[in-house]
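Report on one structure; see the data block that follows.
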Amino acid sequence: EYGLEKPQGYSVSFHYNPHVEYHHFGSSHPMKPWRLTLTKELVLAYGLEYTMDLYEPRPASFEELAVFHDREYLSFLSKVTPQNAKPDDPCYLAFGFGGESNDCPVFDGLWNYVSLYSGASLNAASNLLNKQSDIAINWSGGLHHAKKNVASGFCYVNDIVLAIQALLTQNQRVLYIDIDVHHGDGVEAAFASTDRVFTLSYHKFGIDRHGYPFFPGTGNINEMGPTDPANRGKGHSLNIPIDDGIDDDQYKWLFKTVTNAVIEKYNPTAIVLQSGADSLGGDRLGRFNLNIKAHGFCIEMVKSYGRPLLLIGGGGYTPRNVARTWCHETAVCVGAELHDVLPAHIPYIQAFQGEENGGGILYPDLHNTKRHDNLNSGEKLHKLVQEALENLRYLEG
Ligand code: ZL4
Ligand code: CA
Ligand code: ZN
């Protein structure tokens, strides 16, 4: 009764089915489920498994996925293989496969992959619902672009929407926060017509010098959900468009100011946080210049509100830094501080060693990998915050 429990400690659960990591999108595809192996190895090397409840969730069933997705779409997903795929089938294109893009390839075990990451998010949500955990973590989820009948941007099934739907059975208001460098368009669209979910996404927004918008091209500051005043969802989305090269202090200030205001005004009874690691400096697809601790600051801040929290993964295309970040954020959840020098006995330690891989430490300076000039002036960011706060007026009365 005395001494053993941490005072004010949070009960944290970790939901992970290791079979998810063996799936391949294709050799040059940026999405590498193998980053989850690296993440798990770091978490274990630091002994964080002793500070959490570990779960190995079963795959989600067809029926569980059908709570959000169309049955025809799921039935296609469950049957398509690289061998039987017909790239010129209109059905194939309509469901978001093929075309020029190849963002969403058909690979071996696709159905198994989507059921595994979705099963983990549902398992995490049910732990929050039955109060087994204060914070439930699923690093394999966070696939925020998937629509009810279309695959998009490496996402086939929207585990976030499914988890929020589960949380809505016992929560009046769920806040969704998304720090992936891409706009959380699929989650925003799914809950556009309800005031019981508020979606808040921070992301790169803009058009590059060749005239192409940064994917998915939506999420400007003036996009606040439906415009019809009769629609209950009106004003229940907030988008924070950011330019290339944002640094730690700017991002922390922006995140803190806007997120605080949203939480105070909306007063959610549960929070879902998508922690896409492609907002880090040096990410293969990202444009920001964040360090691991600045990214982790967002988790710390949200955690400090003490509301039931579902923490999920998302993007992240430089695997060694994805693993570092999610390991750090797991530690933030359990309230542990980690030694900067990586434990010596980590499998795949080579992935973290050498100058170019971060020198065998947990917190390398990712500004060193800076590839994007900072186009965010203080003036622009102040104006952005002002507009964001004005957008919250719909939450009054
Ligand atoms: C690739 O090398 O911006 C896919 C995608 C496959 C392998 C070889 C195929 C070559 C970069 C990306 C053709 C590639 C054509 N392979 C890619 C408009 C685009 C059309 C497709 O983090 N081309 C589309 C999606 C984004 C576009 C980002 C982020 C997910 C998340 C949550 C999704 N799509 C232009 C790109 C490659 C590839 C190399 C790629 N795709 C980079 N950015 C995109 O938010 C998980
Ligand atoms: Ca985002
Ligand atoms: Zn992303």
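Chain labels A, B, ... are given in the sequence in which chains occur in the structure tokens; within each chain residues are numbered consecutively from 1, and ligands are likewise numbered from 1 in the order shown.
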Please give me, as a list of chain:residue names, the residues lying within 9 Å of ligand 2 when counting only C-alpha atoms and all ligand atoms.
-> A:His144, A:Ile177, A:Asp178, A:Ile179, A:Asp180, A:Val181, A:His182, A:His183, A:Gly184, A:Asp185, A:Leu200, A:Ser201, A:Tyr202, A:His203, A:Lys204, A:Gly219, A:Asn239, A:Ile240, A:Gln274, A:Ser275, A:Gly276, A:Ser279
Using DSSP on the backbone coordinates, identify the residues of segment 146-237 of chain A assigned to helix (DSSP H, G or I); present them as a ChimeraX atom specification.
-> /A:159-168,185-190
Could you save those same residues with N, CA, C and O atoms as an mmCIF file, in the first residue's frame?
```cif
data_model
loop_
_atom_site.group_PDB
_atom_site.id
_atom_site.type_symbol
_atom_site.label_atom_id
_atom_site.label_comp_id
_atom_site.auth_asym_id
_atom_site.auth_seq_id
_atom_site.Cartn_x
_atom_site.Cartn_y
_atom_site.Cartn_z
ATOM 1 N N ASP A 159 -7.723 3.791 -38.477
ATOM 2 C CA ASP A 159 -7.794 3.274 -37.103
ATOM 3 C C ASP A 159 -8.153 4.375 -36.105
ATOM 4 O O ASP A 159 -8.723 4.099 -35.046
ATOM 5 N N ILE A 160 -7.819 5.620 -36.446
ATOM 6 C CA ILE A 160 -8.095 6.739 -35.527
ATOM 7 C C ILE A 160 -9.593 6.968 -35.433
ATOM 8 O O ILE A 160 -10.153 7.105 -34.341
ATOM 9 N N VAL A 161 -10.256 6.985 -36.609
ATOM 10 C CA VAL A 161 -11.709 7.171 -36.631
ATOM 11 C C VAL A 161 -12.383 6.050 -35.844
ATOM 12 O O VAL A 161 -13.278 6.299 -35.022
ATOM 13 N N LEU A 162 -11.940 4.819 -36.060
ATOM 14 C CA LEU A 162 -12.530 3.668 -35.353
ATOM 15 C C LEU A 162 -12.357 3.805 -33.841
ATOM 16 O O LEU A 162 -13.292 3.558 -33.077
ATOM 17 N N ALA A 163 -11.172 4.238 -33.420
ATOM 18 C CA ALA A 163 -10.912 4.387 -31.980
ATOM 19 C C ALA A 163 -11.758 5.519 -31.398
ATOM 20 O O ALA A 163 -12.302 5.392 -30.289
ATOM 21 N N ILE A 164 -11.894 6.618 -32.135
ATOM 22 C CA ILE A 164 -12.716 7.734 -31.640
ATOM 23 C C ILE A 164 -14.177 7.308 -31.551
ATOM 24 O O ILE A 164 -14.864 7.598 -30.563
ATOM 25 N N GLN A 165 -14.655 6.569 -32.569
ATOM 26 C CA GLN A 165 -16.035 6.061 -32.511
ATOM 27 C C GLN A 165 -16.248 5.228 -31.247
ATOM 28 O O GLN A 165 -17.291 5.327 -30.596
ATOM 29 N N ALA A 166 -15.256 4.416 -30.903
ATOM 30 C CA ALA A 166 -15.360 3.607 -29.677
ATOM 31 C C ALA A 166 -15.404 4.521 -28.451
ATOM 32 O O ALA A 166 -16.241 4.341 -27.561
ATOM 33 N N LEU A 167 -14.542 5.528 -28.413
ATOM 34 C CA LEU A 167 -14.510 6.438 -27.255
ATOM 35 C C LEU A 167 -15.822 7.207 -27.111
ATOM 36 O O LEU A 167 -16.253 7.523 -25.999
ATOM 37 N N LEU A 168 -16.477 7.487 -28.242
ATOM 38 C CA LEU A 168 -17.737 8.244 -28.215
ATOM 39 C C LEU A 168 -18.871 7.486 -27.515
ATOM 40 O O LEU A 168 -19.860 8.098 -27.110
ATOM 41 N N ASP A 185 -6.654 14.912 -42.705
ATOM 42 C CA ASP A 185 -7.897 15.139 -43.471
ATOM 43 C C ASP A 185 -8.954 14.046 -43.292
ATOM 44 O O ASP A 185 -10.151 14.345 -43.231
ATOM 45 N N GLY A 186 -8.522 12.777 -43.185
ATOM 46 C CA GLY A 186 -9.493 11.682 -43.081
ATOM 47 C C GLY A 186 -10.288 11.731 -41.782
ATOM 48 O O GLY A 186 -11.489 11.475 -41.764
ATOM 49 N N VAL A 187 -9.613 12.074 -40.697
ATOM 50 C CA VAL A 187 -10.285 12.149 -39.395
ATOM 51 C C VAL A 187 -11.211 13.363 -39.378
ATOM 52 O O VAL A 187 -12.359 13.287 -38.941
ATOM 53 N N GLU A 188 -10.715 14.471 -39.911
ATOM 54 C CA GLU A 188 -11.534 15.686 -39.985
ATOM 55 C C GLU A 188 -12.819 15.426 -40.775
ATOM 56 O O GLU A 188 -13.924 15.767 -40.322
ATOM 57 N N ALA A 189 -12.686 14.784 -41.936
ATOM 58 C CA ALA A 189 -13.854 14.519 -42.795
ATOM 59 C C ALA A 189 -14.852 13.587 -42.107
ATOM 60 O O ALA A 189 -16.065 13.798 -42.172
ATOM 61 N N ALA A 190 -14.338 12.568 -41.424
ATOM 62 C CA ALA A 190 -15.221 11.571 -40.800
ATOM 63 C C ALA A 190 -16.137 12.193 -39.748
ATOM 64 O O ALA A 190 -17.272 11.762 -39.573
#
```
Hey, which bits of chain A sit within 7 Å of ligand 1, and for each residue what's the closest pair of atoms and how far apart in Å (one decimal), counting only C-alpha atoms and all ligand atoms, rows by chain and increasing number, as JSON lines?
```
{"residue": "A:Gly26", "atom": "CA", "partner": "ligand 1", "partner_atom_place_in_ligand_line": "7 (C)", "distance": 6.7}
{"residue": "A:Ser28", "atom": "CA", "partner": "ligand 1", "partner_atom_place_in_ligand_line": "7 (C)", "distance": 4.5}
{"residue": "A:His29", "atom": "CA", "partner": "ligand 1", "partner_atom_place_in_ligand_line": "16 (N)", "distance": 4.0}
{"residue": "A:Pro30", "atom": "CA", "partner": "ligand 1", "partner_atom_place_in_ligand_line": "38 (C)", "distance": 5.8}
{"residue": "A:Glu100", "atom": "CA", "partner": "ligand 1", "partner_atom_place_in_ligand_line": "21 (C)", "distance": 6.5}
{"residue": "A:Ser101", "atom": "CA", "partner": "ligand 1", "partner_atom_place_in_ligand_line": "21 (C)", "distance": 3.4}
{"residue": "A:Asn102", "atom": "CA", "partner": "ligand 1", "partner_atom_place_in_ligand_line": "4 (C)", "distance": 5.1}
{"residue": "A:Asp103", "atom": "CA", "partner": "ligand 1", "partner_atom_place_in_ligand_line": "4 (C)", "distance": 4.5}
{"residue": "A:Gly142", "atom": "CA", "partner": "ligand 1", "partner_atom_place_in_ligand_line": "46 (C)", "distance": 6.8}
{"residue": "A:Leu143", "atom": "CA", "partner": "ligand 1", "partner_atom_place_in_ligand_line": "46 (C)", "distance": 5.1}
{"residue": "A:His144", "atom": "CA", "partner": "ligand 1", "partner_atom_place_in_ligand_line": "32 (C)", "distance": 5.9}
{"residue": "A:His145", "atom": "CA", "partner": "ligand 1", "partner_atom_place_in_ligand_line": "32 (C)", "distance": 6.5}
{"residue": "A:Gly153", "atom": "CA", "partner": "ligand 1", "partner_atom_place_in_ligand_line": "33 (C)", "distance": 3.7}
{"residue": "A:Phe154", "atom": "CA", "partner": "ligand 1", "partner_atom_place_in_ligand_line": "30 (C)", "distance": 5.4}
{"residue": "A:Cys155", "atom": "CA", "partner": "ligand 1", "partner_atom_place_in_ligand_line": "46 (C)", "distance": 6.2}
{"residue": "A:Asp180", "atom": "CA", "partner": "ligand 1", "partner_atom_place_in_ligand_line": "45 (O)", "distance": 6.2}
{"residue": "A:Val181", "atom": "CA", "partner": "ligand 1", "partner_atom_place_in_ligand_line": "45 (O)", "distance": 6.7}
{"residue": "A:His182", "atom": "CA", "partner": "ligand 1", "partner_atom_place_in_ligand_line": "45 (O)", "distance": 4.6}
{"residue": "A:His183", "atom": "CA", "partner": "ligand 1", "partner_atom_place_in_ligand_line": "45 (O)", "distance": 6.9}
{"residue": "A:Phe214", "atom": "CA", "partner": "ligand 1", "partner_atom_place_in_ligand_line": "3 (O)", "distance": 6.4}
{"residue": "A:Phe215", "atom": "CA", "partner": "ligand 1", "partner_atom_place_in_ligand_line": "3 (O)", "distance": 4.7}
{"residue": "A:Pro216", "atom": "CA", "partner": "ligand 1", "partner_atom_place_in_ligand_line": "3 (O)", "distance": 6.8}
{"residue": "A:Gly276", "atom": "CA", "partner": "ligand 1", "partner_atom_place_in_ligand_line": "22 (O)", "distance": 6.6}
{"residue": "A:Asp278", "atom": "CA", "partner": "ligand 1", "partner_atom_place_in_ligand_line": "22 (O)", "distance": 6.5}
{"residue": "A:Leu285", "atom": "CA", "partner": "ligand 1", "partner_atom_place_in_ligand_line": "42 (C)", "distance": 5.9}
{"residue": "A:Gly314", "atom": "CA", "partner": "ligand 1", "partner_atom_place_in_ligand_line": "46 (C)", "distance": 4.6}
{"residue": "A:Gly315", "atom": "CA", "partner": "ligand 1", "partner_atom_place_in_ligand_line": "22 (O)", "distance": 3.3}
{"residue": "A:Gly316", "atom": "CA", "partner": "ligand 1", "partner_atom_place_in_ligand_line": "22 (O)", "distance": 6.3}
```
Take the residues that were just selected and, keeping C-alpha atoms, output them as an mmCIF file, in the first residue's frame.
```
data_model
loop_
_atom_site.group_PDB
_atom_site.id
_atom_site.type_symbol
_atom_site.label_atom_id
_atom_site.label_comp_id
_atom_site.auth_asym_id
_atom_site.auth_seq_id
_atom_site.Cartn_x
_atom_site.Cartn_y
_atom_site.Cartn_z
ATOM 1 C CA GLY A 26 7.815 -2.178 -51.577
ATOM 2 C CA SER A 28 11.641 2.142 -52.300
ATOM 3 C CA HIS A 29 8.362 3.077 -50.637
ATOM 4 C CA PRO A 30 8.950 5.576 -47.804
ATOM 5 C CA GLU A 100 0.255 7.152 -61.225
ATOM 6 C CA SER A 101 0.717 7.687 -57.535
ATOM 7 C CA ASN A 102 1.532 4.300 -55.995
ATOM 8 C CA ASP A 103 1.147 5.918 -52.592
ATOM 9 C CA GLY A 142 -2.325 6.787 -36.702
ATOM 10 C CA LEU A 143 -3.242 6.298 -40.371
ATOM 11 C CA HIS A 144 -5.147 9.567 -40.639
ATOM 12 C CA HIS A 145 -5.743 9.904 -44.417
ATOM 13 C CA GLY A 153 -1.503 8.632 -48.519
ATOM 14 C CA PHE A 154 -0.201 5.250 -47.282
ATOM 15 C CA CYS A 155 -3.434 4.768 -45.246
ATOM 16 C CA ASP A 180 2.059 14.686 -38.152
ATOM 17 C CA VAL A 181 3.561 17.024 -40.795
ATOM 18 C CA HIS A 182 0.567 16.171 -43.030
ATOM 19 C CA HIS A 183 -3.016 17.394 -42.586
ATOM 20 C CA PHE A 214 2.156 19.632 -50.156
ATOM 21 C CA PHE A 215 0.067 16.473 -49.614
ATOM 22 C CA PRO A 216 -2.916 16.319 -49.240
ATOM 23 C CA GLY A 276 3.447 11.484 -36.553
ATOM 24 C CA ASP A 278 7.596 13.185 -39.937
ATOM 25 C CA LEU A 285 9.248 13.504 -46.474
ATOM 26 C CA GLY A 314 1.493 8.039 -37.854
ATOM 27 C CA GLY A 315 4.061 9.217 -40.390
ATOM 28 C CA GLY A 316 7.814 9.191 -39.867
#
```
Would you mind telling me which residue in A:Ala388, A:Leu280, A:Leu381, A:Val272 lies nearest to ligand 3 when using only C-alpha atoms and all ligand atoms?
->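 Looking only at the distances to ligand 3, the closest residue turns out to be A:Leu280.
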Contact residues around Leu395 of chain A with only C-alpha atoms at 8 Å, ignoring same-chain residues under 5 positions, as a list in words | Gly235, His236, Lys265 and Tyr266 of chain A
Would you output that residue set with all heavy atoms, as a PDB file, in the first residue's frame?
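Listed below is the output, again.pdb:
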```
ATOM      1  N   GLY A 235     -17.411  24.764 -37.311  1.00  0.00           N
ATOM      2  CA  GLY A 235     -16.413  25.321 -36.401  1.00  0.00           C
ATOM      3  C   GLY A 235     -15.710  24.305 -35.515  1.00  0.00           C
ATOM      4  O   GLY A 235     -14.902  24.675 -34.671  1.00  0.00           O
ATOM      5  N   HIS A 236     -15.976  23.012 -35.712  1.00  0.00           N
ATOM      6  CA  HIS A 236     -15.344  22.004 -34.858  1.00  0.00           C
ATOM      7  C   HIS A 236     -14.110  21.352 -35.478  1.00  0.00           C
ATOM      8  O   HIS A 236     -13.758  20.222 -35.146  1.00  0.00           O
ATOM      9  CB  HIS A 236     -16.371  20.968 -34.394  1.00  0.00           C
ATOM     10  CG  HIS A 236     -17.282  21.523 -33.337  1.00  0.00           C
ATOM     11  ND1 HIS A 236     -18.294  22.409 -33.620  1.00  0.00           N
ATOM     12  CD2 HIS A 236     -17.286  21.346 -31.987  1.00  0.00           C
ATOM     13  CE1 HIS A 236     -18.903  22.747 -32.489  1.00  0.00           C
ATOM     14  NE2 HIS A 236     -18.313  22.118 -31.494  1.00  0.00           N
ATOM     15  N   LYS A 265     -11.487  25.683 -24.009  1.00  0.00           N
ATOM     16  CA  LYS A 265     -12.812  26.027 -24.542  1.00  0.00           C
ATOM     17  C   LYS A 265     -13.680  24.807 -24.821  1.00  0.00           C
ATOM     18  O   LYS A 265     -14.884  24.829 -24.593  1.00  0.00           O
ATOM     19  CB  LYS A 265     -12.663  26.844 -25.833  1.00  0.00           C
ATOM     20  CG  LYS A 265     -12.255  28.271 -25.594  1.00  0.00           C
ATOM     21  CD  LYS A 265     -12.775  29.184 -26.689  1.00  0.00           C
ATOM     22  CE  LYS A 265     -12.621  30.626 -26.254  1.00  0.00           C
ATOM     23  NZ  LYS A 265     -13.030  31.559 -27.292  1.00  0.00           N
ATOM     24  N   TYR A 266     -13.083  23.754 -25.350  1.00  0.00           N
ATOM     25  CA  TYR A 266     -13.879  22.586 -25.755  1.00  0.00           C
ATOM     26  C   TYR A 266     -14.113  21.635 -24.581  1.00  0.00           C
ATOM     27  O   TYR A 266     -15.108  20.925 -24.538  1.00  0.00           O
ATOM     28  CB  TYR A 266     -13.185  21.863 -26.917  1.00  0.00           C
ATOM     29  CG  TYR A 266     -14.022  20.772 -27.541  1.00  0.00           C
ATOM     30  CD1 TYR A 266     -15.249  21.054 -28.140  1.00  0.00           C
ATOM     31  CD2 TYR A 266     -13.582  19.446 -27.531  1.00  0.00           C
ATOM     32  CE1 TYR A 266     -16.023  20.060 -28.708  1.00  0.00           C
ATOM     33  CE2 TYR A 266     -14.339  18.436 -28.103  1.00  0.00           C
ATOM     34  CZ  TYR A 266     -15.564  18.747 -28.691  1.00  0.00           C
ATOM     35  OH  TYR A 266     -16.323  17.756 -29.256  1.00  0.00           O
TER      36      TYR A 266
END
```
Counting only C-alpha atoms and all ligand atoms, the option among A:Leu338, A:Ala151, A:Leu310, A:Ala277 closest to ligand 3 | A:Ala277
Would you please work out which residue, of A:Asp195, A:Asp283, A:Asp89, A:Asp373, is nearest to ligand 3 when using only C-alpha atoms and all ligand atoms?
->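 Answer, going by the shortest atom-to-atom distance: A:Asp283.
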Kindly provide the residues of segment 23-125 of chain A that approach segment 319-322 of chain A to within 9 Å, each paired with its closest atom pair and their distance in Å to one decimal, based on only C-alpha atoms, listed by chain and increasing number, as CSV.
```
residue,atom,partner,partner_atom,distance
A:Lys32,CA,A:Pro319,CA,7.5
A:Trp34,CA,A:Pro319,CA,7.8
A:Arg35,CA,A:Pro319,CA,4.8
A:Leu36,CA,A:Pro319,CA,8.3
A:Leu38,CA,A:Arg320,CA,7.0
A:Thr39,CA,A:Val322,CA,7.2
```
Provide the atom CA of Phe68 of chain A to atom CA of Asn158 of chain A distance in Å, to one decimal place.
->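 The value is 8.2 Å.
By chain and then residue number, the residues within 10 Å of Leu65 of chain A are Ala60, Ser61, Phe62, Glu63, Val67, Phe68, His69, Asp70, Arg71, Leu74, Val114, Ser115, Ser118, Gly119, Leu122, Lys148, Val157, Asn158, Asp159, Val161 and Leu162 of chain A, counting only C-alpha atoms and disregarding those fewer than 2 positions away in sequence.
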Export C-alpha atoms of the chosen residues as a PDB file, in the first residue's frame?
```pdb
ATOM      1  CA  ALA A  60      -9.603  -6.219 -35.786  1.00  0.00           C
ATOM      2  CA  SER A  61     -12.447  -8.119 -37.458  1.00  0.00           C
ATOM      3  CA  PHE A  62     -14.242  -7.177 -40.689  1.00  0.00           C
ATOM      4  CA  GLU A  63     -17.273  -6.189 -38.581  1.00  0.00           C
ATOM      5  CA  VAL A  67     -18.280   0.496 -38.081  1.00  0.00           C
ATOM      6  CA  PHE A  68     -16.630   3.211 -40.211  1.00  0.00           C
ATOM      7  CA  HIS A  69     -15.688   1.723 -43.597  1.00  0.00           C
ATOM      8  CA  ASP A  70     -17.984   0.659 -46.460  1.00  0.00           C
ATOM      9  CA  ARG A  71     -18.423  -3.105 -46.739  1.00  0.00           C
ATOM     10  CA  LEU A  74     -13.459  -3.730 -46.996  1.00  0.00           C
ATOM     11  CA  VAL A 114      -4.583  -3.132 -41.637  1.00  0.00           C
ATOM     12  CA  SER A 115      -6.376  -5.478 -39.199  1.00  0.00           C
ATOM     13  CA  SER A 118      -6.532  -1.185 -36.263  1.00  0.00           C
ATOM     14  CA  GLY A 119      -6.915  -3.949 -33.689  1.00  0.00           C
ATOM     15  CA  LEU A 122      -9.328  -0.483 -30.725  1.00  0.00           C
ATOM     16  CA  LYS A 148     -14.592   5.360 -45.562  1.00  0.00           C
ATOM     17  CA  VAL A 157      -8.068   1.794 -42.872  1.00  0.00           C
ATOM     18  CA  ASN A 158      -8.560   4.738 -40.527  1.00  0.00           C
ATOM     19  CA  ASP A 159      -7.794   3.274 -37.103  1.00  0.00           C
ATOM     20  CA  VAL A 161     -11.709   7.171 -36.631  1.00  0.00           C
ATOM     21  CA  LEU A 162     -12.530   3.668 -35.353  1.00  0.00           C
TER      22      LEU A 162
END
```
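Between Gly306 of chain A and the residues A:Ile346, A:Leu77, A:Ile263, A:Ala45, the shortest atom-to-atom distance, using only C-alpha atoms, involves A:Ile263.
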Compile the contact shell of Asn171 of chain A as a ChimeraX atom specification: residues with an atom at most 12 Å away, counting only C-alpha atoms, same-chain residues fewer than 5 positions apart removed.
-> /A:125,128-129,163-166,196-197,267-271,307-308
Could those residues be written to a file, using C-alpha atoms, as a PDB file, in the first residue's frame?
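Saved file result_25.pdb follows:
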```pdb
ATOM      1  CA  ALA A 125      -9.399   2.643 -26.779  1.00  0.00           C
ATOM      2  CA  LEU A 128      -9.291   3.766 -21.686  1.00  0.00           C
ATOM      3  CA  LEU A 129     -13.017   2.998 -21.676  1.00  0.00           C
ATOM      4  CA  ALA A 163     -10.912   4.387 -31.980  1.00  0.00           C
ATOM      5  CA  ILE A 164     -12.716   7.734 -31.640  1.00  0.00           C
ATOM      6  CA  GLN A 165     -16.035   6.061 -32.511  1.00  0.00           C
ATOM      7  CA  ALA A 166     -15.360   3.607 -29.677  1.00  0.00           C
ATOM      8  CA  ARG A 196     -18.833  15.649 -30.286  1.00  0.00           C
ATOM      9  CA  VAL A 197     -15.390  15.515 -31.920  1.00  0.00           C
ATOM     10  CA  ASN A 267     -13.262  20.784 -22.445  1.00  0.00           C
ATOM     11  CA  PRO A 268     -12.900  17.267 -23.903  1.00  0.00           C
ATOM     12  CA  THR A 269     -13.523  14.184 -21.761  1.00  0.00           C
ATOM     13  CA  ALA A 270     -10.927  12.204 -23.756  1.00  0.00           C
ATOM     14  CA  ILE A 271      -8.034  13.141 -26.057  1.00  0.00           C
ATOM     15  CA  ARG A 307      -7.616  13.390 -19.354  1.00  0.00           C
ATOM     16  CA  PRO A 308      -7.825   9.835 -20.759  1.00  0.00           C
TER      17      PRO A 308
END
```
Which of segment 18-205 of chain A counts as strand (DSSP E) under DSSP, as a ChimeraX atom specification please?
-> /A:53-55,135-138,174-178,197-204
